[in-house]
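Chemist: The file below is input-v6.pdb, PDB, C-alpha atoms:
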```
ATOM      1  CA  MET A   1     -28.536   5.650  -5.558
ATOM      2  CA  GLY A   2     -27.212   6.797  -8.899
ATOM      3  CA  GLU A   3     -27.769  10.254 -10.270
ATOM      4  CA  THR A   4     -30.948  10.812 -12.284
ATOM      5  CA  THR A   5     -30.247  12.102 -15.762
ATOM      6  CA  GLY A   6     -32.347  14.654 -17.624
ATOM      7  CA  ASN A   7     -34.379  11.962 -19.411
ATOM      8  CA  GLY A   8     -35.437  10.404 -16.107
ATOM      9  CA  LYS A   9     -33.053   7.461 -16.350
ATOM     10  CA  GLN A  10     -30.701   6.656 -13.510
ATOM     11  CA  GLY A  11     -27.081   7.532 -14.298
ATOM     12  CA  ARG A  12     -23.896   6.213 -12.779
ATOM     13  CA  VAL A  13     -22.786   7.331  -9.345
ATOM     14  CA  LYS A  14     -20.123  10.005  -9.609
ATOM     15  CA  GLN A  15     -17.125   9.764  -7.313
ATOM     16  CA  ARG A  16     -13.694  11.307  -7.535
ATOM     17  CA  GLY A  17     -11.190   8.845  -8.919
ATOM     18  CA  LEU A  18      -7.416   8.823  -9.355
ATOM     19  CA  THR A  19      -5.425   6.353 -11.456
ATOM     20  CA  GLY A  20      -1.703   5.649 -11.656
ATOM     21  CA  ARG A  21       1.154   3.325 -12.428
ATOM     22  CA  ILE A  22       4.321   2.777 -10.382
ATOM     23  CA  ASP A  23       7.347   1.125 -11.998
ATOM     24  CA  TYR A  24       9.717  -1.026  -9.934
ATOM     25  CA  PHE A  25      13.455  -0.795 -10.713
ATOM     26  CA  ILE A  26      16.445  -2.784  -9.494
ATOM     27  CA  ASP A  27      20.160  -2.006  -9.829
ATOM     28  CA  GLY A  28      22.920  -4.516 -10.487
ATOM     29  CA  HIS A  29      20.719  -7.547 -11.205
ATOM     30  CA  ALA A  30      21.828  -9.705 -14.145
ATOM     31  CA  ASP A  31      18.246 -10.728 -14.982
ATOM     32  CA  PHE A  32      17.137  -7.092 -15.370
ATOM     33  CA  PRO A  33      19.757  -5.202 -17.387
ATOM     34  CA  GLU A  34      17.167  -2.506 -18.175
ATOM     35  CA  ARG A  35      16.360  -2.305 -14.424
ATOM     36  CA  LEU A  36      12.560  -2.716 -14.709
ATOM     37  CA  TRP A  37      11.530  -5.683 -12.541
ATOM     38  CA  GLY A  38       7.906  -4.981 -11.669
ATOM     39  CA  VAL A  39       4.871  -2.727 -11.989
ATOM     40  CA  GLU A  40       1.899  -1.598  -9.906
ATOM     41  CA  HIS A  41      -1.291  -0.349 -11.547
ATOM     42  CA  TRP A  42      -3.685   1.313  -9.141
ATOM     43  CA  ARG A  43      -6.961   3.194  -8.950
ATOM     44  CA  MET A  44      -8.339   5.028  -5.908
ATOM     45  CA  THR A  45     -11.881   6.302  -5.473
ATOM     46  CA  HIS A  46     -13.395   8.661  -2.888
ATOM     47  CA  HIS A  47     -16.920   7.968  -1.625
ATOM     48  CA  ALA A  48     -19.683   9.947   0.072
ATOM     49  CA  ASP A  49     -19.196   8.141   3.401
ATOM     50  CA  GLY A  50     -15.582   9.339   3.546
ATOM     51  CA  HIS A  51     -14.095   6.024   2.500
ATOM     52  CA  ARG A  52     -11.159   5.759   0.137
ATOM     53  CA  VAL A  53     -10.850   2.495  -1.809
ATOM     54  CA  MET A  54      -7.519   1.517  -3.364
ATOM     55  CA  ARG A  55      -7.404  -1.199  -6.030
ATOM     56  CA  ALA A  56      -3.883  -2.345  -6.899
ATOM     57  CA  TYR A  57      -2.577  -4.897  -9.382
ATOM     58  CA  CYS A  58       1.095  -5.666  -8.749
ATOM     59  CA  GLU A  59       3.499  -7.774 -10.836
ATOM     60  CA  LEU A  60       6.939  -8.772  -9.519
ATOM     61  CA  HIS A  61       9.048 -10.385 -12.227
ATOM     62  CA  ASP A  62      11.937 -11.768 -10.178
ATOM     63  CA  GLU A  63      11.927 -15.476  -9.309
ATOM     64  CA  PRO A  64       9.483 -16.847  -8.491
ATOM     65  CA  PRO A  65       7.237 -14.316 -10.297
ATOM     66  CA  LEU A  66       4.415 -12.959  -8.163
ATOM     67  CA  ILE A  67       1.079 -11.303  -8.906
ATOM     68  CA  ARG A  68      -0.648  -9.503  -6.041
ATOM     69  CA  ASP A  69      -4.246  -8.270  -6.306
ATOM     70  CA  VAL A  70      -5.291  -5.909  -3.503
ATOM     71  CA  ILE A  71      -8.481  -4.047  -2.650
ATOM     72  CA  GLN A  72      -8.003  -1.898   0.434
ATOM     73  CA  CYS A  73     -10.432   0.524   2.080
ATOM     74  CA  VAL A  74      -9.853   3.136   4.778
ATOM     75  CA  ASP A  75     -12.328   5.519   6.376
ATOM     76  CA  ALA A  76     -12.064   9.305   6.469
ATOM     77  CA  GLU A  77      -9.440   9.090   9.248
ATOM     78  CA  PHE A  78      -7.411   6.457   7.335
ATOM     79  CA  HIS A  79      -8.361   3.775   9.861
ATOM     80  CA  PRO A  80      -8.521   0.469   7.919
ATOM     81  CA  HIS A  81     -12.061  -0.724   7.156
ATOM     82  CA  ASP A  82     -11.695  -3.835   4.996
ATOM     83  CA  SER A  83      -9.257  -5.421   2.582
ATOM     84  CA  PHE A  84      -8.838  -8.337   0.203
ATOM     85  CA  VAL A  85      -5.513  -9.776  -0.955
ATOM     86  CA  ARG A  86      -4.921 -12.535  -3.512
ATOM     87  CA  LEU A  87      -1.489 -13.970  -4.392
ATOM     88  CA  THR A  88      -0.495 -15.867  -7.530
ATOM     89  CA  GLN A  89       3.085 -17.169  -7.481
ATOM     90  CA  ASP A  90       4.837 -18.825 -10.422
ATOM     91  CA  ASP A  91       1.465 -18.761 -12.236
ATOM     92  CA  ARG A  92      -0.196 -20.818  -9.486
ATOM     93  CA  PHE A  93      -2.675 -19.875  -6.754
ATOM     94  CA  LEU A  94      -0.911 -19.145  -3.459
ATOM     95  CA  GLY A  95      -3.653 -17.728  -1.247
ATOM     96  CA  SER A  96      -6.504 -15.257  -0.850
ATOM     97  CA  THR A  97      -7.750 -13.577   2.320
ATOM     98  CA  TRP A  98     -10.464 -11.127   3.379
ATOM     99  CA  TYR A  99      -9.804  -8.696   6.252
ATOM    100  CA  ARG A 100     -12.209  -6.643   8.406
ATOM    101  CA  PHE A 101     -11.369  -3.928  10.932
ATOM    102  CA  SER A 102     -13.517  -2.393  13.665
ATOM    103  CA  ASP A 103     -12.441   0.179  16.255
ATOM    104  CA  SER A 104     -11.106  -2.571  18.527
ATOM    105  CA  GLN A 105     -10.535  -5.713  16.451
ATOM    106  CA  ALA A 106      -8.943  -6.892  13.223
ATOM    107  CA  GLU A 107      -9.933 -10.248  11.770
ATOM    108  CA  TYR A 108      -9.400 -12.305   8.645
ATOM    109  CA  GLU A 109     -10.601 -15.421   6.891
ATOM    110  CA  GLY A 110      -8.813 -16.943   3.946
ATOM    111  CA  TYR A 111      -7.568 -19.971   2.098
ATOM    112  CA  THR A 112      -3.996 -20.822   1.095
ATOM    113  CA  ALA A 113      -2.583 -23.576  -1.062
ATOM    114  CA  SER A 114      -0.333 -24.808   1.752
ATOM    115  CA  GLU A 115      -2.619 -24.475   4.796
ATOM    116  CA  GLY A 116      -6.194 -24.661   3.529
ATOM    117  CA  ARG A 117      -8.712 -22.584   5.473
ATOM    118  CA  ILE A 118      -7.154 -19.961   7.763
ATOM    119  CA  ARG A 119      -8.568 -17.397  10.200
ATOM    120  CA  ASP A 120      -7.345 -15.190  13.042
ATOM    121  CA  GLN A 121      -8.133 -12.012  14.940
ATOM    122  CA  ALA A 122      -6.179  -9.380  16.838
ATOM    123  CA  ALA A 123      -7.019  -6.606  19.280
ATOM    124  CA  ILE A 124      -6.359  -3.118  17.906
ATOM    125  CA  SER A 125      -7.047   0.460  18.940
ATOM    126  CA  ARG A 126      -8.519   3.258  16.896
ATOM    127  CA  ALA A 127      -7.062   4.718  14.898
ATOM    128  CA  MET A 128      -4.362   2.181  14.149
ATOM    129  CA  ARG A 129      -1.378   3.264  12.046
ATOM    130  CA  GLY A 130      -2.570   1.318   9.002
ATOM    131  CA  PHE A 131      -2.466  -2.114   7.431
ATOM    132  CA  GLY A 132       0.483  -3.283   5.346
ATOM    133  CA  SER A 133      -0.731  -5.166   2.269
ATOM    134  CA  HIS A 134       2.563  -4.752   0.339
ATOM    135  CA  ASN A 135       1.237  -2.651  -2.522
ATOM    136  CA  LEU A 136       3.210   0.584  -2.395
ATOM    137  CA  ASN A 137       0.229   2.799  -1.730
ATOM    138  CA  SER A 138      -0.403   0.863   1.489
ATOM    139  CA  ASP A 139       3.112   1.978   2.533
ATOM    140  CA  ALA A 140       2.136   5.538   1.657
ATOM    141  CA  TRP A 141      -1.088   5.377   3.668
ATOM    142  CA  LEU A 142       0.909   4.476   6.804
ATOM    143  CA  THR A 143       2.029   8.117   6.877
ATOM    144  CA  ALA A 144      -1.539   9.405   7.273
ATOM    145  CA  ARG A 145      -1.439   8.597  11.000
ATOM    146  CA  PHE A 146       1.870  10.396  11.580
ATOM    147  CA  ASP A 147       1.574  13.336  13.999
ATOM    148  CA  TYR A 148       2.774  16.137  11.718
ATOM    149  CA  SER A 149       2.381  18.716  14.501
ATOM    150  CA  GLN A 150       5.632  17.403  16.002
ATOM    151  CA  GLY A 151       7.624  18.274  12.878
ATOM    152  CA  PRO A 152      10.589  16.284  11.520
ATOM    153  CA  GLY A 153      11.829  13.336  13.564
ATOM    154  CA  VAL A 154      11.087   9.705  14.365
ATOM    155  CA  GLN A 155       7.816   8.342  15.704
ATOM    156  CA  ARG A 156       7.622   4.679  16.786
ATOM    157  CA  PHE A 157       4.761   2.297  16.023
ATOM    158  CA  GLU A 158       4.421  -1.064  17.783
ATOM    159  CA  ASN A 159       2.708  -4.308  16.749
ATOM    160  CA  ASN A 160       1.928  -3.153  13.224
ATOM    161  CA  LEU A 161      -0.241  -5.549  11.228
ATOM    162  CA  LEU A 162       0.810  -6.762   7.769
ATOM    163  CA  THR A 163      -0.333  -9.519   5.442
ATOM    164  CA  SER A 164       3.204 -10.973   5.440
ATOM    165  CA  ILE A 165       6.662 -10.251   6.868
ATOM    166  CA  ASP A 166       8.267 -11.540   3.644
ATOM    167  CA  HIS A 167      10.027  -8.701   1.806
ATOM    168  CA  ARG A 168       7.900  -9.352  -1.329
ATOM    169  CA  GLY A 169       4.733 -10.122   0.630
ATOM    170  CA  ALA A 170       4.819 -13.616  -0.878
ATOM    171  CA  THR A 171       3.490 -15.618   2.080
ATOM    172  CA  GLY A 172      -0.016 -16.027   3.447
ATOM    173  CA  PRO A 173      -1.779 -13.685   3.125
ATOM    174  CA  ALA A 174      -2.456 -13.814   6.869
ATOM    175  CA  PHE A 175      -1.378 -11.666   9.851
ATOM    176  CA  ALA A 176       2.217 -10.727  10.589
ATOM    177  CA  ARG A 177       3.376  -8.182  13.138
ATOM    178  CA  SER A 178       6.297  -5.778  13.172
ATOM    179  CA  ASN A 179       7.698  -2.871  15.150
ATOM    180  CA  SER A 180       9.159   0.091  13.298
ATOM    181  CA  GLY A 181       9.533   3.834  13.199
ATOM    182  CA  LEU A 182       8.676   6.495  10.662
ATOM    183  CA  GLU A 183      11.262   9.236  10.254
ATOM    184  CA  TYR A 184       9.922  12.476   8.784
ATOM    185  CA  PHE A 185      12.227  14.891   6.961
ATOM    186  CA  GLY A 186       9.750  17.549   5.800
ATOM    187  CA  ILE A 187       8.218  18.682   2.515
ATOM    188  CA  GLU A 188      10.137  18.386  -0.752
ATOM    189  CA  THR A 189       9.315  18.848  -4.444
ATOM    190  CA  VAL A 190       9.787  15.592  -6.363
ATOM    191  CA  THR A 191       9.885  15.142 -10.143
ATOM    192  CA  VAL A 192       9.082  11.722 -11.613
ATOM    193  CA  PRO A 193       7.899  10.634 -15.086
ATOM    194  CA  ALA A 194       4.283  11.313 -14.045
ATOM    195  CA  GLY A 195       5.061  14.936 -13.207
ATOM    196  CA  GLU A 196       6.103  17.232 -10.360
ATOM    197  CA  PHE A 197       4.580  16.700  -6.895
ATOM    198  CA  GLU A 198       4.849  18.348  -3.497
ATOM    199  CA  CYS A 199       5.649  15.490  -1.135
ATOM    200  CA  HIS A 200       6.249  14.490   2.461
ATOM    201  CA  HIS A 201       9.621  12.709   2.695
ATOM    202  CA  PHE A 202       9.648   9.690   5.043
ATOM    203  CA  ALA A 203      11.842   6.720   5.853
ATOM    204  CA  ILE A 204      10.858   3.464   7.534
ATOM    205  CA  VAL A 205      13.496   2.914  10.228
ATOM    206  CA  GLU A 206      14.234   0.882  13.359
ATOM    207  CA  THR A 207      12.444  -2.246  12.156
ATOM    208  CA  ASN A 208      12.610  -5.420  14.232
ATOM    209  CA  HIS A 209      12.971  -7.645  11.156
ATOM    210  CA  GLY A 210      16.126  -6.196   9.624
ATOM    211  CA  HIS A 211      14.649  -4.304   6.695
ATOM    212  CA  PRO A 212      17.294  -2.046   5.084
ATOM    213  CA  PRO A 213      16.778   1.738   4.944
ATOM    214  CA  TYR A 214      13.651   2.625   2.939
ATOM    215  CA  ASP A 215      12.959   6.244   1.956
ATOM    216  CA  TYR A 216       9.773   7.260   0.219
ATOM    217  CA  TRP A 217       7.808  10.341  -0.794
ATOM    218  CA  VAL A 218       4.017  10.746  -0.582
ATOM    219  CA  THR A 219       1.728  13.546  -1.729
ATOM    220  CA  THR A 220       0.818  16.396   0.626
ATOM    221  CA  ASP A 221      -2.720  16.737  -0.805
ATOM    222  CA  GLY A 222      -4.384  14.611   1.891
ATOM    223  CA  ASP A 223      -4.588  11.434  -0.213
ATOM    224  CA  TYR A 224      -1.052  10.300   0.761
ATOM    225  CA  LEU A 225      -0.268   8.771  -2.630
ATOM    226  CA  TYR A 226       3.044   7.071  -3.379
ATOM    227  CA  VAL A 227       5.321   9.079  -5.699
ATOM    228  CA  LYS A 228       8.852   7.728  -5.265
ATOM    229  CA  GLY A 229      10.881   5.344  -3.109
ATOM    230  CA  THR A 230      14.347   3.864  -2.632
ATOM    231  CA  VAL A 231      15.507   0.766  -0.734
ATOM    232  CA  THR A 232      19.236   0.280  -0.175
ATOM    233  CA  ALA A 233      21.376  -2.887  -0.436
ATOM    234  CA  PRO A 234      20.931  -5.792  -0.545
ATOM    235  CA  TYR A 235      17.678  -5.089  -2.440
ATOM    236  CA  ASN A 236      18.799  -2.010  -4.405
ATOM    237  CA  TRP A 237      15.233  -1.140  -5.355
ATOM    238  CA  SER A 238      13.690   2.119  -6.501
ATOM    239  CA  PHE A 239      10.122   3.002  -7.388
ATOM    240  CA  GLU A 240       8.647   5.849  -9.438
ATOM    241  CA  LEU A 241       5.171   7.041 -10.310
ATOM    242  CA  THR A 242       5.241   6.900 -14.114
ATOM    243  CA  GLU A 243       1.571   7.593 -14.949
ATOM    244  CA  PHE A 244      -1.083   9.612 -13.130
ATOM    245  CA  SER A 245      -4.527  10.930 -14.027
ATOM    246  CA  ALA A 246      -7.655  12.229 -12.296
ATOM    247  CA  ASP A 247     -11.278  11.801 -13.382
TER     248      ASP A 247
END
```
Show me, as structure tokens, the structure contained in the file I just sent.
Modeler:
Amino acid sequence: MGETTGNGKQGRVKQRGLTGRIDYFIDGHADFPERLWGVEHWRMTHHADGHRVMRAYCELHDEPPLIRDVIQCVDAEFHPHDSFVRLTQDDRFLGSTWYRFSDSQAEYEGYTASEGRIRDQAAISRAMRGFGSHNLNSDAWLTARFDYSQGPGVQRFENNLLTSIDHRGATGPAFARSNSGLEYFGIETVTVPAGEFECHHFAIVETNHGHPPYDYWVTTDGDYLYVKGTVTAPYNWSFELTEFSAD
């Protein structure tokens, strides 16, 4: 129920919200002499049941151009609850899929331009590491399940679920699986256009699909928000939080 205002009318529900923008940069690409090749606008809200809901609008301007719309929800322990992903490639519908997670099962139903109706399910355990939906904050949320009590080092995660194994997330969306490790380096202070943030420094390593080294920094405030990232050759990508505000 919404709050009741002083005049007896029902007001809007108040929840804590955070809003940001992440810019995507690329080095050495002739099509992007100013380096900017994409953007991610996002908003996250906290709710009384402990859920966090992330809404992300992502534009990738390299060929073929891709728009990714994502709504992703996790519970208080960052176990995935539900998600929706829609892809538009080269200004045409590519696919849209709804995902649901319980303590023991992940499932989806969707529709793609190439396959028509799709569905699948997979056995999982609680709490799974996370769900990769290719918006950068889904990468950041993978670090919520890291065992920080062990300190710096590498922890392996097997059979991770993603919407796509494509490096831009431009297939499906369906289920893909990967094995990888998270290497933790400790806490560092990071300055980006949006400001100065205390961050956990991670790298995704030891992937079974040949992804190049990928370092990224996420906030230490318990929301695990994406602040900065770098991906080495052949992609030569970097990402920075350029806008940030709180309600």
Chemist: If you take only C-alpha atoms and a cut-off of 9 Å, which residues of stretch 21-68 of chain A touch stretch 125-142 of chain A, and what are their nearest atom pairs and distances in Å to one decimal, in chain and number order, as a Markdown table?
Modeler:
```
| residue | atom | partner | partner_atom | distance |
| --- | --- | --- | --- | --- |
| A:Ile22 | CA | A:Leu136 | CA | 8.4 |
| A:Glu40 | CA | A:Asn135 | CA | 7.5 |
| A:Trp42 | CA | A:Asn137 | CA | 8.5 |
| A:Met54 | CA | A:Asn137 | CA | 8.0 |
| A:Ala56 | CA | A:Asn135 | CA | 6.7 |
| A:Tyr57 | CA | A:Asn135 | CA | 8.2 |
| A:Cys58 | CA | A:Asn135 | CA | 6.9 |
| A:Arg68 | CA | A:Asn135 | CA | 7.9 |
```
Chemist: Would you mind listing what lies within 7 Å of A:Arg156 as a PDB file with C-alpha atoms, in the frame of the given file, with all atoms listed in the file counted and same-chain residues fewer than 4 positions away left out?
Modeler:
```pdb
ATOM      1  CA  SER A 180       9.159   0.091  13.298  1.00  0.00           C
ATOM      2  CA  GLY A 181       9.533   3.834  13.199  1.00  0.00           C
ATOM      3  CA  LEU A 182       8.676   6.495  10.662  1.00  0.00           C
TER       4      LEU A 182
END
```
Chemist: Name the residues that the PyMOL selection byres ((chain A and resi 16) around 8) picks from the file above, as a ChimeraX atom specification, using the file's chain letters and numbers.
Modeler: /A:14-15,17-18,45-47,246-247
Chemist: Deliver the residues from the most recent selection as a file, using C-alpha atoms, as a CSV table (one decimal), keeping the file's coordinate frame.
Modeler:
```
chain,number,residue,atom,x,y,z
A,14,LYS,CA,-20.1,10.0,-9.6
A,15,GLN,CA,-17.1,9.8,-7.3
A,17,GLY,CA,-11.2,8.8,-8.9
A,18,LEU,CA,-7.4,8.8,-9.4
A,45,THR,CA,-11.9,6.3,-5.5
A,46,HIS,CA,-13.4,8.7,-2.9
A,47,HIS,CA,-16.9,8.0,-1.6
A,246,ALA,CA,-7.7,12.2,-12.3
A,247,ASP,CA,-11.3,11.8,-13.4
```
Chemist: How would you write, as an NGL selection string, the residues chosen by the PyMOL selection byres ((chain A and resi 71) around 10) on this structure?
Modeler: :A and (42-44 or 53-57 or 69-70 or 72-73 or 82-86 or 98 or 133 or 135)
Chemist: Looking at only C-alpha atoms, which of A:Leu60, A:Thr163, A:Trp37, A:Trp237 is the one that sits closest to A:Gly95?
Modeler: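 Once distances to A:Gly95 are computed over only C-alpha atoms, the minimum belongs to A:Thr163.
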Chemist: Give me, as a count of residues only, all polymer residues having an atom no more than 8 Å from A:Ile124, counting only C-alpha atoms and skipping those fewer than 4 positions away in the same chain.
Modeler: 5
Chemist: Expand the PyMOL selection byres ((chain A and resi 108) around 6) into the explicit residue set it covers here, and present it as a ChimeraX atom specification.
Modeler: /A:98-99,107,109,119-120
Chemist: Anything within 7 Å of (-7.6, 8.4, 3.4): list those residues as a PyMOL selection string, counting only C-alpha atoms and sticking to the file's coordinates.
Modeler: chain A and resi 51-52+74-78+223
Chemist: Which residues, protein or nucleic acid, reach to within 10 Å of (13.9, 0.9, 6.7) in the file's coordinates when using all atoms listed in the file, and can you give that as a list in words?
Modeler: Ser180, Gly181, Leu182, Glu183, Phe202, Ala203, Ile204, Val205, Glu206, Thr207, Asn208, His209, Gly210, His211, Pro212, Pro213, Tyr214, Asp215, Tyr216, Thr230, Val231 and Thr232 of chain A
Chemist: Between A:Ser102, A:Asn159, A:Thr171, A:Ser164, which has the minimum distance to A:Ser114 (counting only C-alpha atoms)?
Modeler: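 The shortest atom-to-atom distance to A:Ser114 comes from A:Thr171.
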Chemist: Which residue out of A:Phe101, A:Phe185, A:Ile67, A:Leu36 has the minimum interatomic distance to A:Tyr148 when only C-alpha atoms are used?
Modeler: A:Phe185
Chemist: Have a look at A:Ala174, A:Ala122, A:Leu87, A:Leu94 and name the one nearest to A:Gly110; count only C-alpha atoms.
Modeler: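 For A:Gly110, the nearest of the given residues is A:Ala174.
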Chemist: Between A:Ile187, A:Ile165, A:Leu241, A:Ile118, which one has atoms that come closest to A:Val227, using all atoms listed in the file?
Modeler: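 Of all the options, A:Leu241 lies closest to A:Val227.
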Chemist: Which one is closest to A:Tyr224: A:Tyr111, A:Phe93, A:Phe157, A:Phe146? Count all atoms listed in the file.
Modeler: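 Of the candidates, the smallest distance to A:Tyr224 is held by A:Phe146.
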Chemist: Can you work out the spacing between atom CA of A:Gly229 and atom CA of A:Trp217 in Å, to one decimal?
Modeler: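 For atom CA of A:Gly229 relative to atom CA of A:Trp217, the distance reads 6.3 Å.
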Chemist: Work out how far apart atom CA of A:Thr143 and atom CA of A:Gln155 are and give it in Å to one decimal.
Modeler: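 Atom CA of A:Thr143 sits 10.6 Å away from atom CA of A:Gln155.
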Chemist: Taking every listed atom of stretch 115-126 of chain A and adding 8 Å to each side, what centre and edge lengths in Å (one decimal) does the axis-aligned box have, as JSON?
Modeler:
```
{"center_x": -5.7, "center_y": -10.7, "center_z": 11.4, "size_x": 22.1, "size_y": 43.9, "size_z": 31.8}
```
Chemist: With a distance cut-off of 10 Å and all atoms listed in the file, select the neighbouring residues of A:Val192, excluding the residue or stretch itself and same-chain residues fewer than 5 positions from it, and output the selection as a PyMOL selection string.
Modeler: chain A and resi 197+227-228+239-243
Chemist: For the atom pair atom CA of A:Ser96 and atom CA of A:Glu158, what is the interatomic distance in Å to one decimal place?
Modeler: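 Going from atom CA of A:Ser96 over to atom CA of A:Glu158 covers 25.8 Å.
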